[in-house]
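In what follows, a structure is listed as structure tokens, so that the remarks can point back to it.
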Amino acid sequence: MADKTPPKPQEKRGGWLSRFAPGVRKIVSRRDTPDNLWVKDPDSGEMLYRPDLEAALWVTPSGRHMRIDAPTRLRATFDDGDYEPIETPEVPEDPLKFSDGKSYKDRLAAARKAAGRKDTMAIGFGTLDGTEAVVIVQDFTFMGGSLGMAAGEAFIAAARAAIGRGVPLVCFTAAGGARMQEGALSLMQMARTTLAIQELKAAQLPFVVVLTDPTTGGVTASYAMLGDVHLAEPGALIGFAGPRVIEATIREKLPPGFQRAEYLQEKGMVDRVVARADLPVVLGRILSMLMGGKRRAA
């Protein structure tokens, strides 16, 4: 008669991998595998190997230019990834003692822990295809790149650093708008950054803007649209209000690609749409031309 004794519980739980190769489960346990080793392509749904995506500057095979943080952007922009960091100024924190169920101070602390930086802006000085420039990057990973006092002071500091060095200023924009937790103090940065651009113009130094996904709100209504030249990454959303808000307001369907970089280039609001990998060379050539061919001394 066949043995009808049920299997031991440990045999039932072990699975085929443990039976064929004891100890293998421990070697390939979940805790030994990085959680972010694979990244989903938002367009195709394909799972992409993270090191390959990093090597491609976070541009997917489908052509989507994914959002990148400030350190990654600065390394990808400057020659050989080499640049001199410029400190951003300190500003008062939570001047309005704002709370929306969670205090602004707590939100700032959480954002700083997640992003590993003080605020949305990062500044560097170096060369782009041999031409010296100050570059300021707006990091969307920090509270949606929102424009507040810290961002405004950083922009002014970057403009004055460019003036002090006699070099152009390049700004990579990425923002969801003004930082509501700072109220009118946030909105004031639109005027203050505009005045900083006027200082650059008075010094006869170029100001070039690279619009990345997304650039909206008060940033679009100020320094993002005040450049001597406007470049944009492919597919970047650029506008004041978002398309859903506009559709709900006018109760009409918007044209295909409305507010995307290619549409804005067609309408004359963007000078050129440039792939991320080509930006350093394109920027370097534009800056060299605007500076009358002046490049870094050998």
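Residue names in the structure tokens use chain letters A, B, ... in the order shown, residue numbers from 1 in each chain, and ligand numbers from 1 in the order shown.
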query: Can you list, as a PyMOL selection string, every protein, DNA or RNA residue that comes within 8 Å of Thr127 in chain A when you count only C-alpha atoms, leaving out same-chain residues fewer than 3 positions away?
result: chain A and resi 78-79+83+130-133+284+296
Give me the residues within 10 Å of Glu54 in chain A as a tab-separated table (two decimals) with C-alpha atoms, in the first residue's frame, counting only C-alpha atoms and dropping any in the same chain fewer than 6 places off.
chain	number	residue	atom	x	y	z
A	60	THR	CA	14.58	55.41	-22.16
A	68	ILE	CA	16.93	63.59	-13.00
A	72	THR	CA	23.17	64.02	-11.95
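Using only C-alpha atoms, the smallest distance between any of A:Val282, A:Cys171, A:Leu237, A:Leu128 and Gly257 in chain A comes from A:Leu237.
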Surrounding residues of Ala277 in chain A excluding itself and chain neighbours under 2 positions, 9 Å, only C-alpha atoms, as a VMD selection string: chain A and resid 56 to 57 59 76 to 77 274 to 275 279 to 281
- request: Just list the residues in range 82-148 of chain A DSSP gives strand (DSSP E or B) on the backbone, as a ChimeraX atom specification.
  value: /A:84-86,99,103,121-128,131-138,147
Could you dump the residues just selected with N, CA and C atoms as a tab-separated table (two decimals), in the first residue's frame?
chain	number	residue	atom	x	y	z
A	84	GLU	N	32.97	73.12	-10.05
A	84	GLU	CA	33.16	73.69	-8.72
A	84	GLU	C	31.79	74.03	-8.14
A	85	PRO	N	31.38	73.38	-7.05
A	85	PRO	CA	30.08	73.72	-6.46
A	85	PRO	C	30.10	75.14	-5.88
A	86	ILE	N	28.99	75.82	-6.01
A	86	ILE	CA	28.82	77.16	-5.43
A	86	ILE	C	27.72	77.06	-4.38
A	99	SER	N	1.06	75.79	8.24
A	99	SER	CA	0.70	74.39	8.45
A	99	SER	C	-0.53	74.06	7.63
A	103	SER	N	3.29	70.69	9.56
A	103	SER	CA	4.01	71.96	9.56
A	103	SER	C	5.00	72.02	8.40
A	121	MET	N	17.49	74.25	-5.51
A	121	MET	CA	18.52	74.74	-6.43
A	121	MET	C	19.91	74.20	-6.10
A	122	ALA	N	20.69	73.95	-7.16
A	122	ALA	CA	22.11	73.60	-7.03
A	122	ALA	C	22.87	74.39	-8.08
A	123	ILE	N	24.06	74.87	-7.70
A	123	ILE	CA	24.84	75.74	-8.60
A	123	ILE	C	26.24	75.16	-8.77
A	124	GLY	N	26.76	75.25	-10.00
A	124	GLY	CA	28.12	74.81	-10.28
A	124	GLY	C	28.80	75.73	-11.29
A	125	PHE	N	30.13	75.73	-11.25
A	125	PHE	CA	30.92	76.52	-12.20
A	125	PHE	C	31.93	75.60	-12.86
A	126	GLY	N	31.99	75.66	-14.19
A	126	GLY	CA	32.93	74.82	-14.92
A	126	GLY	C	32.88	75.15	-16.40
A	127	THR	N	33.23	74.17	-17.23
A	127	THR	CA	33.23	74.40	-18.68
A	127	THR	C	32.23	73.50	-19.38
A	128	LEU	N	31.62	74.05	-20.43
A	128	LEU	CA	30.72	73.30	-21.30
A	128	LEU	C	31.31	73.33	-22.69
A	131	THR	N	33.77	76.13	-22.89
A	131	THR	CA	33.37	77.49	-22.56
A	131	THR	C	32.93	77.56	-21.09
A	132	GLU	N	33.53	78.47	-20.35
A	132	GLU	CA	33.20	78.59	-18.93
A	132	GLU	C	31.79	79.14	-18.73
A	133	ALA	N	31.13	78.65	-17.69
A	133	ALA	CA	29.78	79.12	-17.38
A	133	ALA	C	29.42	78.74	-15.96
A	134	VAL	N	28.48	79.50	-15.40
A	134	VAL	CA	27.82	79.12	-14.15
A	134	VAL	C	26.51	78.45	-14.53
A	135	VAL	N	26.23	77.32	-13.93
A	135	VAL	CA	25.00	76.57	-14.21
A	135	VAL	C	24.20	76.41	-12.93
A	136	ILE	N	22.93	76.77	-12.99
A	136	ILE	CA	22.03	76.56	-11.86
A	136	ILE	C	20.95	75.56	-12.29
A	137	VAL	N	20.70	74.60	-11.44
A	137	VAL	CA	19.77	73.51	-11.76
A	137	VAL	C	18.64	73.49	-10.74
A	138	GLN	N	17.43	73.42	-11.24
A	138	GLN	CA	16.25	73.30	-10.39
A	138	GLN	C	15.89	71.82	-10.29
A	147	LEU	N	9.19	77.16	-6.32
A	147	LEU	CA	9.93	78.41	-6.19
A	147	LEU	C	9.60	79.07	-4.85
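Near Ala178 in chain A, within a cut-off of 8 Å and counting only C-alpha atoms, sit the residues Ser146, Leu147, Gly148, Ser186, Leu187, Gly217, Gly218 and Val219 of chain A, with same-chain residues fewer than 5 positions away left out.
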- prompt: Excluding same-chain residues fewer than 6 positions from Leu96 in chain A, what lies within 9 Å of it counting only C-alpha atoms, as a PyMOL selection string?
  reply: chain A and resi 181-183
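Coordinates place CA of Thr120 in chain A at a distance of 7.4 Å from CA of Met143 in chain A.
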